[in-house]
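Engineer: My structure file coords.pdb, PDB, C-alpha atoms, is below:
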```pdb
ATOM      1  CA  GLY S   1      10.517 -93.054  99.858  1.00  0.00           C
ATOM      2  CA  GLU S   2      12.128 -94.796  96.916  1.00  0.00           C
ATOM      3  CA  THR S   3      14.905 -92.859  95.202  1.00  0.00           C
ATOM      4  CA  PRO S   4      14.415 -91.983  91.522  1.00  0.00           C
ATOM      5  CA  VAL S   5      17.284 -94.201  90.355  1.00  0.00           C
ATOM      6  CA  ASN S   6      15.835 -97.162  92.263  1.00  0.00           C
ATOM      7  CA  ALA S   7      12.402 -96.528  90.765  1.00  0.00           C
ATOM      8  CA  VAL S   8      13.870 -96.590  87.253  1.00  0.00           C
ATOM      9  CA  SER S   9      15.924 -99.684  88.135  1.00  0.00           C
ATOM     10  CA  ASP S  10      12.814-101.531  89.337  1.00  0.00           C
ATOM     11  CA  MET S  11      10.989-100.589  86.137  1.00  0.00           C
ATOM     12  CA  LEU S  12      13.865-101.964  84.059  1.00  0.00           C
ATOM     13  CA  ARG S  13      13.941-105.185  86.080  1.00  0.00           C
ATOM     14  CA  GLN S  14      10.253-105.738  85.427  1.00  0.00           C
ATOM     15  CA  GLU S  15      10.539-105.002  81.711  1.00  0.00           C
ATOM     16  CA  LEU S  16      13.619-107.183  81.207  1.00  0.00           C
ATOM     17  CA  ALA S  17      11.895-110.034  83.031  1.00  0.00           C
ATOM     18  CA  MET S  18       8.837-109.638  80.806  1.00  0.00           C
ATOM     19  CA  CYS S  19      11.168-109.944  77.804  1.00  0.00           C
ATOM     20  CA  GLY S  20      12.009-113.455  79.003  1.00  0.00           C
ATOM     21  CA  TYR S  21      15.297-112.730  80.788  1.00  0.00           C
ATOM     22  CA  THR S  22      16.101-114.209  84.200  1.00  0.00           C
ATOM     23  CA  GLU S  23      17.464-111.873  86.874  1.00  0.00           C
ATOM     24  CA  ILE S  24      20.789-112.765  88.458  1.00  0.00           C
ATOM     25  CA  LEU S  25      22.632-111.286  91.437  1.00  0.00           C
ATOM     26  CA  THR S  26      26.429-111.355  91.311  1.00  0.00           C
ATOM     27  CA  TRP S  27      29.182-110.379  93.730  1.00  0.00           C
ATOM     28  CA  ALA S  28      30.242-106.727  93.879  1.00  0.00           C
ATOM     29  CA  LEU S  29      33.829-107.928  94.304  1.00  0.00           C
ATOM     30  CA  CYS S  30      35.678-109.994  91.710  1.00  0.00           C
ATOM     31  CA  SER S  31      39.182-110.984  90.720  1.00  0.00           C
ATOM     32  CA  HIS S  32      41.391-108.562  88.806  1.00  0.00           C
ATOM     33  CA  ASP S  33      41.540-110.967  85.863  1.00  0.00           C
ATOM     34  CA  GLU S  34      37.752-111.193  85.611  1.00  0.00           C
ATOM     35  CA  SER S  35      37.506-107.420  85.344  1.00  0.00           C
ATOM     36  CA  PHE S  36      40.354-106.906  82.923  1.00  0.00           C
ATOM     37  CA  ALA S  37      42.372-109.812  81.468  1.00  0.00           C
ATOM     38  CA  TYR S  38      39.317-111.995  80.822  1.00  0.00           C
ATOM     39  CA  MET S  39      37.620-108.984  79.183  1.00  0.00           C
ATOM     40  CA  ARG S  40      40.678-108.420  76.949  1.00  0.00           C
ATOM     41  CA  LYS S  41      41.568-105.217  78.808  1.00  0.00           C
ATOM     42  CA  GLU S  42      45.234-104.944  79.667  1.00  0.00           C
ATOM     43  CA  GLU S  43      44.959-102.870  82.850  1.00  0.00           C
ATOM     44  CA  ASP S  44      42.588-100.718  84.844  1.00  0.00           C
ATOM     45  CA  ILE S  45      43.911 -97.413  83.550  1.00  0.00           C
ATOM     46  CA  LYS S  46      41.875 -94.622  81.969  1.00  0.00           C
ATOM     47  CA  GLY S  47      43.542 -91.336  81.129  1.00  0.00           C
ATOM     48  CA  GLY S  48      46.632 -92.356  83.106  1.00  0.00           C
ATOM     49  CA  ASN S  49      44.657 -93.000  86.313  1.00  0.00           C
ATOM     50  CA  PRO S  50      43.422 -96.282  87.808  1.00  0.00           C
ATOM     51  CA  VAL S  51      39.648 -96.800  87.665  1.00  0.00           C
ATOM     52  CA  ALA S  52      39.086 -99.839  89.912  1.00  0.00           C
ATOM     53  CA  VAL S  53      38.845 -99.871  93.699  1.00  0.00           C
ATOM     54  CA  THR S  54      41.396-102.438  94.893  1.00  0.00           C
ATOM     55  CA  ILE S  55      41.103-104.471  98.103  1.00  0.00           C
ATOM     56  CA  SER S  56      44.403-104.099  99.957  1.00  0.00           C
ATOM     57  CA  ASN S  57      44.360-107.494 101.691  1.00  0.00           C
ATOM     58  CA  PRO S  58      41.819-109.730  99.926  1.00  0.00           C
ATOM     59  CA  ALA S  59      40.713-112.898 101.690  1.00  0.00           C
ATOM     60  CA  THR S  60      40.563-114.720  98.365  1.00  0.00           C
ATOM     61  CA  ALA S  61      41.791-114.217  94.814  1.00  0.00           C
ATOM     62  CA  GLU S  62      38.182-113.894  93.656  1.00  0.00           C
ATOM     63  CA  PHE S  63      37.630-110.730  95.727  1.00  0.00           C
ATOM     64  CA  GLN S  64      40.521-108.495  94.645  1.00  0.00           C
ATOM     65  CA  VAL S  65      38.738-105.472  93.145  1.00  0.00           C
ATOM     66  CA  ALA S  66      35.317-103.874  93.090  1.00  0.00           C
ATOM     67  CA  ARG S  67      33.609-104.501  89.769  1.00  0.00           C
ATOM     68  CA  THR S  68      33.705-101.782  87.125  1.00  0.00           C
ATOM     69  CA  THR S  69      31.330-103.670  84.829  1.00  0.00           C
ATOM     70  CA  LEU S  70      28.383-106.013  85.315  1.00  0.00           C
ATOM     71  CA  LEU S  71      29.233-107.961  82.172  1.00  0.00           C
ATOM     72  CA  SER S  72      32.019-110.045  83.718  1.00  0.00           C
ATOM     73  CA  GLY S  73      29.740-111.290  86.498  1.00  0.00           C
ATOM     74  CA  ALA S  74      26.961-112.062  84.026  1.00  0.00           C
ATOM     75  CA  LEU S  75      29.336-114.026  81.800  1.00  0.00           C
ATOM     76  CA  LYS S  76      30.675-115.927  84.812  1.00  0.00           C
ATOM     77  CA  THR S  77      27.093-116.883  85.664  1.00  0.00           C
ATOM     78  CA  VAL S  78      26.436-117.988  82.082  1.00  0.00           C
ATOM     79  CA  GLY S  79      29.606-120.076  82.137  1.00  0.00           C
ATOM     80  CA  ALA S  80      28.480-121.775  85.347  1.00  0.00           C
ATOM     81  CA  ASN S  81      25.114-122.588  83.735  1.00  0.00           C
ATOM     82  CA  ALA S  82      26.391-123.657  80.323  1.00  0.00           C
ATOM     83  CA  GLU S  83      24.265-126.823  80.357  1.00  0.00           C
ATOM     84  CA  ALA S  84      21.012-124.927  80.928  1.00  0.00           C
ATOM     85  CA  PRO S  85      18.330-125.130  78.205  1.00  0.00           C
ATOM     86  CA  LEU S  86      18.843-122.745  75.299  1.00  0.00           C
ATOM     87  CA  PRO S  87      18.408-119.909  74.754  1.00  0.00           C
ATOM     88  CA  LEU S  88      19.881-118.763  78.072  1.00  0.00           C
ATOM     89  CA  LYS S  89      18.908-115.171  78.797  1.00  0.00           C
ATOM     90  CA  VAL S  90      20.031-113.380  81.973  1.00  0.00           C
ATOM     91  CA  PHE S  91      20.119-109.785  83.215  1.00  0.00           C
ATOM     92  CA  GLU S  92      21.207-107.736  86.206  1.00  0.00           C
ATOM     93  CA  VAL S  93      20.541-104.151  87.282  1.00  0.00           C
ATOM     94  CA  ASN S  94      23.019-103.162  89.941  1.00  0.00           C
ATOM     95  CA  ASP S  95      25.886-100.878  90.925  1.00  0.00           C
ATOM     96  CA  VAL S  96      29.455-100.753  89.689  1.00  0.00           C
ATOM     97  CA  LEU S  97      32.184 -98.776  91.451  1.00  0.00           C
ATOM     98  CA  PHE S  98      34.786 -96.375  90.088  1.00  0.00           C
ATOM     99  CA  LEU S  99      37.517 -94.368  91.749  1.00  0.00           C
ATOM    100  CA  ASP S 100      36.498 -90.706  91.800  1.00  0.00           C
ATOM    101  CA  ASN S 101      38.514 -87.959  93.474  1.00  0.00           C
ATOM    102  CA  SER S 102      35.587 -85.544  93.281  1.00  0.00           C
ATOM    103  CA  VAL S 103      33.847 -87.190  96.258  1.00  0.00           C
ATOM    104  CA  ASP S 104      34.992 -87.419  99.871  1.00  0.00           C
ATOM    105  CA  VAL S 105      35.338 -91.202  99.975  1.00  0.00           C
ATOM    106  CA  GLY S 106      37.329 -91.338  96.739  1.00  0.00           C
ATOM    107  CA  ALA S 107      34.938 -93.642  94.863  1.00  0.00           C
ATOM    108  CA  LYS S 108      31.421 -93.492  93.450  1.00  0.00           C
ATOM    109  CA  ASN S 109      28.712 -96.021  92.645  1.00  0.00           C
ATOM    110  CA  HIS S 110      27.062 -96.005  89.216  1.00  0.00           C
ATOM    111  CA  ARG S 111      23.926 -97.954  88.321  1.00  0.00           C
ATOM    112  CA  HIS S 112      24.226-100.187  85.244  1.00  0.00           C
ATOM    113  CA  ALA S 113      21.987-102.712  83.495  1.00  0.00           C
ATOM    114  CA  VAL S 114      23.419-105.751  81.706  1.00  0.00           C
ATOM    115  CA  ALA S 115      21.861-108.558  79.688  1.00  0.00           C
ATOM    116  CA  VAL S 116      23.434-111.622  78.067  1.00  0.00           C
ATOM    117  CA  TYR S 117      21.877-113.887  75.429  1.00  0.00           C
ATOM    118  CA  MET S 118      23.406-117.310  74.691  1.00  0.00           C
ATOM    119  CA  ASN S 119      22.182-119.690  71.992  1.00  0.00           C
ATOM    120  CA  VAL S 120      23.493-121.850  69.144  1.00  0.00           C
ATOM    121  CA  THR S 121      23.833-118.604  67.165  1.00  0.00           C
ATOM    122  CA  SER S 122      25.071-115.270  68.477  1.00  0.00           C
ATOM    123  CA  GLY S 123      21.646-113.669  68.845  1.00  0.00           C
ATOM    124  CA  PHE S 124      22.878-110.189  67.981  1.00  0.00           C
ATOM    125  CA  GLU S 125      19.436-109.300  66.668  1.00  0.00           C
ATOM    126  CA  ALA S 126      17.870-110.372  69.991  1.00  0.00           C
ATOM    127  CA  ILE S 127      20.156-108.083  72.007  1.00  0.00           C
ATOM    128  CA  HIS S 128      19.640-105.237  69.530  1.00  0.00           C
ATOM    129  CA  GLN S 129      15.899-105.678  69.955  1.00  0.00           C
ATOM    130  CA  LEU S 130      16.330-105.656  73.745  1.00  0.00           C
ATOM    131  CA  VAL S 131      18.279-102.384  73.532  1.00  0.00           C
ATOM    132  CA  ASN S 132      15.454-100.864  71.496  1.00  0.00           C
ATOM    133  CA  ARG S 133      12.862-102.063  74.007  1.00  0.00           C
ATOM    134  CA  THR S 134      14.906-100.791  76.944  1.00  0.00           C
ATOM    135  CA  MET S 135      15.129 -97.340  75.423  1.00  0.00           C
ATOM    136  CA  GLU S 136      11.414 -97.415  74.642  1.00  0.00           C
ATOM    137  CA  VAL S 137      10.411 -98.079  78.253  1.00  0.00           C
ATOM    138  CA  LEU S 138      12.818 -95.345  79.383  1.00  0.00           C
ATOM    139  CA  GLY S 139      10.907 -92.912  77.181  1.00  0.00           C
ATOM    140  CA  ILE S 140      13.736 -92.382  74.684  1.00  0.00           C
ATOM    141  CA  VAL S 141      12.854 -92.643  70.985  1.00  0.00           C
ATOM    142  CA  PRO S 142      15.133 -93.466  68.027  1.00  0.00           C
ATOM    143  CA  SER S 143      16.850 -90.501  66.401  1.00  0.00           C
ATOM    144  CA  ASP S 144      15.722 -89.184  63.043  1.00  0.00           C
ATOM    145  CA  ARG S 145      18.578 -91.151  61.453  1.00  0.00           C
ATOM    146  CA  LEU S 146      17.540 -94.431  63.106  1.00  0.00           C
ATOM    147  CA  ALA S 147      13.860 -93.850  62.331  1.00  0.00           C
ATOM    148  CA  THR S 148      14.577 -93.383  58.613  1.00  0.00           C
ATOM    149  CA  ALA S 149      14.820 -96.538  56.509  1.00  0.00           C
ATOM    150  CA  ALA S 150      17.310 -97.034  53.691  1.00  0.00           C
ATOM    151  CA  ASP S 151      14.657 -96.081  51.121  1.00  0.00           C
ATOM    152  CA  GLY S 152      14.033 -92.780  52.891  1.00  0.00           C
ATOM    153  CA  SER S 153      10.767 -93.789  54.524  1.00  0.00           C
ATOM    154  CA  ALA S 154      10.174 -93.396  58.226  1.00  0.00           C
ATOM    155  CA  ALA S 155       7.587 -95.139  60.387  1.00  0.00           C
ATOM    156  CA  GLU S 156       7.470 -92.327  62.936  1.00  0.00           C
ATOM    157  CA  LYS S 157       9.969 -89.513  63.185  1.00  0.00           C
ATOM    158  CA  PRO S 158      10.691 -87.947  66.579  1.00  0.00           C
ATOM    159  CA  SER S 159       9.139 -84.623  67.495  1.00  0.00           C
ATOM    160  CA  GLU S 160      11.112 -81.645  68.795  1.00  0.00           C
ATOM    161  CA  SER S 161      10.117 -82.417  72.381  1.00  0.00           C
ATOM    162  CA  ASP S 162      11.214 -86.068  72.223  1.00  0.00           C
ATOM    163  CA  LEU S 163      14.399 -87.287  73.855  1.00  0.00           C
ATOM    164  CA  THR S 164      16.261 -89.372  71.295  1.00  0.00           C
ATOM    165  CA  TYR S 165      19.100 -91.867  71.167  1.00  0.00           C
ATOM    166  CA  ASP S 166      21.424 -92.982  68.409  1.00  0.00           C
ATOM    167  CA  ILE S 167      23.876 -95.817  67.845  1.00  0.00           C
ATOM    168  CA  GLU S 168      27.375 -95.639  66.413  1.00  0.00           C
ATOM    169  CA  PRO S 169      30.131 -98.171  65.676  1.00  0.00           C
ATOM    170  CA  ALA S 170      32.018 -99.258  68.781  1.00  0.00           C
ATOM    171  CA  ASN S 171      35.529-100.556  69.365  1.00  0.00           C
ATOM    172  CA  GLU S 172      35.443-102.320  72.726  1.00  0.00           C
ATOM    173  CA  PRO S 173      37.872-105.240  73.233  1.00  0.00           C
ATOM    174  CA  GLN S 174      35.318-107.505  74.918  1.00  0.00           C
ATOM    175  CA  PHE S 175      33.133-107.543  71.793  1.00  0.00           C
ATOM    176  CA  PHE S 176      33.714-108.934  68.321  1.00  0.00           C
ATOM    177  CA  PRO S 177      35.133-106.337  65.863  1.00  0.00           C
ATOM    178  CA  GLY S 178      32.510-104.960  63.504  1.00  0.00           C
ATOM    179  CA  ARG S 179      29.662-106.515  65.496  1.00  0.00           C
ATOM    180  CA  GLN S 180      29.246-103.964  68.254  1.00  0.00           C
ATOM    181  CA  ALA S 181      27.778-100.502  68.754  1.00  0.00           C
ATOM    182  CA  TYR S 182      27.570 -97.692  71.290  1.00  0.00           C
ATOM    183  CA  VAL S 183      24.280 -96.291  72.531  1.00  0.00           C
ATOM    184  CA  VAL S 184      24.558 -92.506  72.348  1.00  0.00           C
ATOM    185  CA  PHE S 185      22.290 -90.198  74.348  1.00  0.00           C
ATOM    186  CA  GLN S 186      22.643 -86.409  74.442  1.00  0.00           C
ATOM    187  CA  GLY S 187      26.054 -86.654  72.816  1.00  0.00           C
ATOM    188  CA  LYS S 188      27.445 -89.146  75.348  1.00  0.00           C
ATOM    189  CA  ARG S 189      28.080 -92.876  75.048  1.00  0.00           C
ATOM    190  CA  VAL S 190      25.862 -94.415  77.708  1.00  0.00           C
ATOM    191  CA  GLY S 191      25.975 -98.056  76.683  1.00  0.00           C
ATOM    192  CA  VAL S 192      27.383-100.691  74.373  1.00  0.00           C
ATOM    193  CA  PHE S 193      26.057-103.913  72.871  1.00  0.00           C
ATOM    194  CA  GLY S 194      27.370-106.557  70.512  1.00  0.00           C
ATOM    195  CA  ILE S 195      28.599-110.112  70.036  1.00  0.00           C
ATOM    196  CA  VAL S 196      30.965-111.143  72.828  1.00  0.00           C
ATOM    197  CA  HIS S 197      34.512-111.854  71.629  1.00  0.00           C
ATOM    198  CA  PRO S 198      35.439-115.584  71.464  1.00  0.00           C
ATOM    199  CA  ASP S 199      38.502-115.030  73.670  1.00  0.00           C
ATOM    200  CA  VAL S 200      36.247-113.589  76.375  1.00  0.00           C
ATOM    201  CA  LEU S 201      33.883-116.546  76.084  1.00  0.00           C
ATOM    202  CA  ASN S 202      36.799-118.981  76.397  1.00  0.00           C
ATOM    203  CA  ALA S 203      38.070-117.171  79.500  1.00  0.00           C
ATOM    204  CA  PHE S 204      34.719-117.687  81.222  1.00  0.00           C
ATOM    205  CA  GLY S 205      34.339-121.285  80.040  1.00  0.00           C
ATOM    206  CA  ILE S 206      31.512-120.583  77.593  1.00  0.00           C
ATOM    207  CA  SER S 207      31.403-122.784  74.497  1.00  0.00           C
ATOM    208  CA  ARG S 208      28.444-121.191  72.695  1.00  0.00           C
ATOM    209  CA  PRO S 209      28.172-117.731  71.109  1.00  0.00           C
ATOM    210  CA  CYS S 210      26.752-114.890  73.188  1.00  0.00           C
ATOM    211  CA  SER S 211      25.603-111.344  72.658  1.00  0.00           C
ATOM    212  CA  ALA S 212      25.358-108.787  75.430  1.00  0.00           C
ATOM    213  CA  MET S 213      24.455-105.223  76.274  1.00  0.00           C
ATOM    214  CA  GLU S 214      25.427-102.975  79.156  1.00  0.00           C
ATOM    215  CA  ILE S 215      23.977 -99.499  79.650  1.00  0.00           C
ATOM    216  CA  GLN S 216      24.160 -96.822  82.296  1.00  0.00           C
ATOM    217  CA  VAL S 217      20.876 -96.190  84.111  1.00  0.00           C
ATOM    218  CA  GLU S 218      21.453 -92.795  85.740  1.00  0.00           C
ATOM    219  CA  PRO S 219      21.464 -90.701  82.516  1.00  0.00           C
ATOM    220  CA  PHE S 220      17.813 -91.725  82.068  1.00  0.00           C
ATOM    221  CA  VAL S 221      16.528 -90.616  85.477  1.00  0.00           C
ATOM    222  CA  PHE S 222      14.245 -87.640  84.817  1.00  0.00           C
ATOM    223  CA  ASP S 223      11.498 -85.654  86.475  1.00  0.00           C
ATOM    224  CA  GLN S 224       8.066 -85.234  84.886  1.00  0.00           C
ATOM    225  CA  PHE S 225       9.429 -82.396  82.731  1.00  0.00           C
ATOM    226  CA  LYS S 226      12.193 -84.632  81.299  1.00  0.00           C
ATOM    227  CA  LYS S 227      14.859 -82.769  83.222  1.00  0.00           C
ATOM    228  CA  PRO S 228      17.683 -84.983  84.533  1.00  0.00           C
ATOM    229  CA  LEU S 229      17.802 -85.603  88.262  1.00  0.00           C
ATOM    230  CA  ASN S 230      21.105 -85.556  90.131  1.00  0.00           C
ATOM    231  CA  CYS S 231      21.687 -89.134  91.273  1.00  0.00           C
ATOM    232  CA  HIS S 232      24.844 -88.170  93.188  1.00  0.00           C
ATOM    233  CA  PRO S 233      23.972 -85.223  95.437  1.00  0.00           C
ATOM    234  CA  VAL S 234      26.954 -83.332  96.758  1.00  0.00           C
ATOM    235  CA  HIS S 235      27.476 -83.934 100.471  1.00  0.00           C
ATOM    236  CA  THR S 236      27.490 -80.755 102.545  1.00  0.00           C
ATOM    237  CA  GLU S 237      28.197 -80.264 106.220  1.00  0.00           C
TER     238      GLU S 237
END
```
Render the structure in this file as structure tokens.
Structural biologist:
Amino acid sequence: GETPVNAVSDMLRQELAMCGYTEILTWALCSHDESFAYMRKEEDIKGGNPVAVTISNPATAEFQVARTTLLSGALKTVGANAEAPLPLKVFEVNDVLFLDNSVDVGAKNHRHAVAVYMNVTSGFEAIHQLVNRTMEVLGIVPSDRLATAADGSAAEKPSESDLTYDIEPANEPQFFPGRQAYVVFQGKRVGVFGIVHPDVLNAFGISRPCSAMEIQVEPFVFDQFKKPLNCHPVHTE
């Protein structure tokens, strides 16, 4: 039967499509620059260790590493369709790959969801709304802080049994400073959204402002009792 993470992925695909976004399918391999330099990231190092799976003898410069983010592929697609009618709204739900010494093969797939909105204005509010809708269909409600308005009123506060999410200021180089935020779930940053940095847009040949979100899917795979399911079972002999 269908695995839980694929069931959640299919649900997200349907919901994102119903929000007016067009699904895209991008290569799992990309150039090193597309993963890092174009995204304003100097190198693929986290905590002193490389994070990207590198192809030892690539057939082409465009297939040098396995992608560690879906955003670069989505932006490349937007850049190739820059003359399409506005607003241009695309999404992808697919795997990224990270080096991981805890598994036998030395790398592990992780399911992500990405969406990009391009228009004559940045559309930050559209992506923020999409984040809220995505969390809603995943069964995660806004935290007490998010549900409370500036005047102290609240439309509907979460109950003790609800799973909640929060947002906090982010500092990711691919997004514009002060116009980005992390999605926080159970104390962990599971996503980020914001206005894409102009340098990133220029690198991908995009002349109009864009906003984007990218979230992890696996933290939201639960059973009927809202207990997380292990999406990466340990291989045993």
Engineer: When you count all atoms listed in the file, which of these residues is closest to Ile24 in chain S: S:Val96, S:Leu163, S:Ala113, S:Val221?
Structural biologist: S:Ala113
Engineer: Using all atoms listed in the file, what does the table of range 54-131 of chain S residues within 8 Å of range 35-42 of chain S look like, with each row giving the shortest atom pair and its distance in Å to one decimal, sorted by chain and ascending number, as a tab-separated table?
Structural biologist:
```
residue	atom	partner	partner_atom	distance
S:Arg67	CA	S:Ser35	CA	6.6
S:Thr68	CA	S:Ser35	CA	7.0
S:Thr69	CA	S:Ser35	CA	7.2
S:Ser72	CA	S:Ser35	CA	6.3
```
Engineer: From the options S:Ser56, S:Ala84, S:Glu125, S:Glu92, which residue's atoms come nearest to Glu23 in chain S, counting only C-alpha atoms?
Structural biologist: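 Closest to Glu23 in chain S, using only C-alpha atoms: S:Glu92.
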Engineer: Once the PyMOL selection byres ((chain S and resi 218) around 9) has been applied to the shown file, what residues remain in the selection, as a list of chain:residue names?
Structural biologist: S:Val5, S:Val8, S:His110, S:Arg111, S:His112, S:Gln216, S:Val217, S:Pro219, S:Phe220, S:Val221, S:Phe222, S:Pro228, S:Leu229, S:Asn230, S:Cys231
Engineer: Translate the PyMOL selection byres ((chain S and resi 199) around 10) into a concrete residue list for this structure, as a ChimeraX atom specification.
Structural biologist: /S:38-40,173-176,196-198,200-206
Engineer: When you count all atoms listed in the file, which of these residues is closest to Leu75 in chain S: S:Glu34, S:Glu168, S:Asp162, S:Asp100?
Structural biologist: S:Glu34
Engineer: Compile the contact shell of Gly20 in chain S as a compact mmCIF listing (two decimals) with C-alpha atoms, in the coordinates of the input: residues with an atom at most 10 Å away, counting only C-alpha atoms, same-chain residues fewer than 3 positions apart removed.
Structural biologist:
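Saved to result_29.txt:
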```txt
# COMPACT_ATOMS: atom_id res chain seq x y z
CA GLU S 15 10.54 -105.00 81.71
CA LEU S 16 13.62 -107.18 81.21
CA ALA S 17 11.90 -110.03 83.03
CA GLU S 23 17.46 -111.87 86.87
CA LEU S 88 19.88 -118.76 78.07
CA LYS S 89 18.91 -115.17 78.80
CA VAL S 90 20.03 -113.38 81.97
CA PHE S 91 20.12 -109.78 83.22
```
Engineer: Using 6 Å of padding on each side, determine the axis-aligned box around all atoms of range 53-66 of chain S present in the file and give its centre and edge lengths in Å to one decimal, as JSON.
Structural biologist:
```
{"center_x": 39.9, "center_y": -107.3, "center_z": 97.4, "size_x": 21.1, "size_y": 26.8, "size_z": 20.6}
```
Engineer: Quick one: residues within 9 Å of Trp27 in chain S, only C-alpha atoms counted, chain neighbours fewer than 5 positions away excluded, as a list in words?
Structural biologist: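 Counting only C-alpha atoms, the residues come to Phe63, Ala66, Arg67 and Gly73 of chain S.
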Engineer: Would you mind reading off the distance between CA of Ala107 in chain S and CA of Ala28 in chain S, one decimal, in Å?
Structural biologist: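 Going from CA of Ala107 in chain S over to CA of Ala28 in chain S, I get 13.9 Å.
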Engineer: Separation of CA of Phe124 in chain S and CA of Gly79 in chain S, in Å?
Structural biologist: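 Between CA of Phe124 in chain S and CA of Gly79 in chain S the gap works out to 18.5 Å.
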Engineer: Would you compute the distance between CA of Pro142 in chain S and CA of Asn171 in chain S? Give it in Å to one decimal.
Structural biologist: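 Between CA of Pro142 in chain S and CA of Asn171 in chain S the gap works out to 21.6 Å.
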Engineer: Which of these, S:Lys76, S:Asp95, S:Val183, S:Thr164, has the shortest distance to His128 in chain S once you count all atoms listed in the file?
Structural biologist: S:Val183
Engineer: Please reconstruct the missing atoms of range 180-185 of chain S (target: all heavy atoms) and return them as a compact mmCIF listing (two decimals), in the frame of the given file.
Structural biologist:
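To be explicit, this is the file written out as selection18.txt:
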```txt
# COMPACT_ATOMS: atom_id res chain seq x y z
N GLN S 180 29.49 -104.64 66.99
CA GLN S 180 29.25 -103.96 68.25
C GLN S 180 28.90 -102.51 67.99
O GLN S 180 29.25 -101.95 66.94
CB GLN S 180 30.48 -104.05 69.16
CG GLN S 180 31.77 -103.55 68.51
CD GLN S 180 32.94 -103.58 69.46
OE1 GLN S 180 32.98 -102.88 70.45
NE2 GLN S 180 33.94 -104.43 69.14
N ALA S 181 28.20 -101.89 68.93
CA ALA S 181 27.78 -100.50 68.75
C ALA S 181 27.60 -99.83 70.11
O ALA S 181 27.27 -100.48 71.11
CB ALA S 181 26.47 -100.42 67.96
N TYR S 182 27.84 -98.51 70.11
CA TYR S 182 27.57 -97.69 71.29
C TYR S 182 26.14 -97.17 71.24
O TYR S 182 25.61 -96.88 70.16
CB TYR S 182 28.51 -96.48 71.36
CG TYR S 182 29.95 -96.81 71.62
CD1 TYR S 182 30.93 -96.51 70.67
CD2 TYR S 182 30.37 -97.39 72.81
CE1 TYR S 182 32.27 -96.79 70.89
CE2 TYR S 182 31.70 -97.68 73.05
CZ TYR S 182 32.65 -97.37 72.09
OH TYR S 182 33.97 -97.65 72.32
N VAL S 183 25.54 -97.02 72.40
CA VAL S 183 24.28 -96.29 72.53
C VAL S 183 24.63 -94.87 72.92
O VAL S 183 25.34 -94.65 73.92
CB VAL S 183 23.37 -96.93 73.59
CG1 VAL S 183 22.07 -96.14 73.73
CG2 VAL S 183 23.08 -98.38 73.26
N VAL S 184 24.19 -93.91 72.14
CA VAL S 184 24.56 -92.51 72.35
C VAL S 184 23.31 -91.73 72.74
O VAL S 184 22.28 -91.78 72.06
CB VAL S 184 25.18 -91.90 71.07
CG1 VAL S 184 25.58 -90.46 71.30
CG2 VAL S 184 26.39 -92.73 70.63
N PHE S 185 23.40 -91.00 73.85
CA PHE S 185 22.29 -90.20 74.35
C PHE S 185 22.81 -88.83 74.76
O PHE S 185 23.75 -88.73 75.54
CB PHE S 185 21.63 -90.90 75.53
CG PHE S 185 20.52 -90.12 76.18
CD1 PHE S 185 19.37 -89.78 75.47
CD2 PHE S 185 20.63 -89.71 77.50
CE1 PHE S 185 18.35 -89.06 76.08
CE2 PHE S 185 19.61 -88.99 78.10
CZ PHE S 185 18.47 -88.66 77.39
```
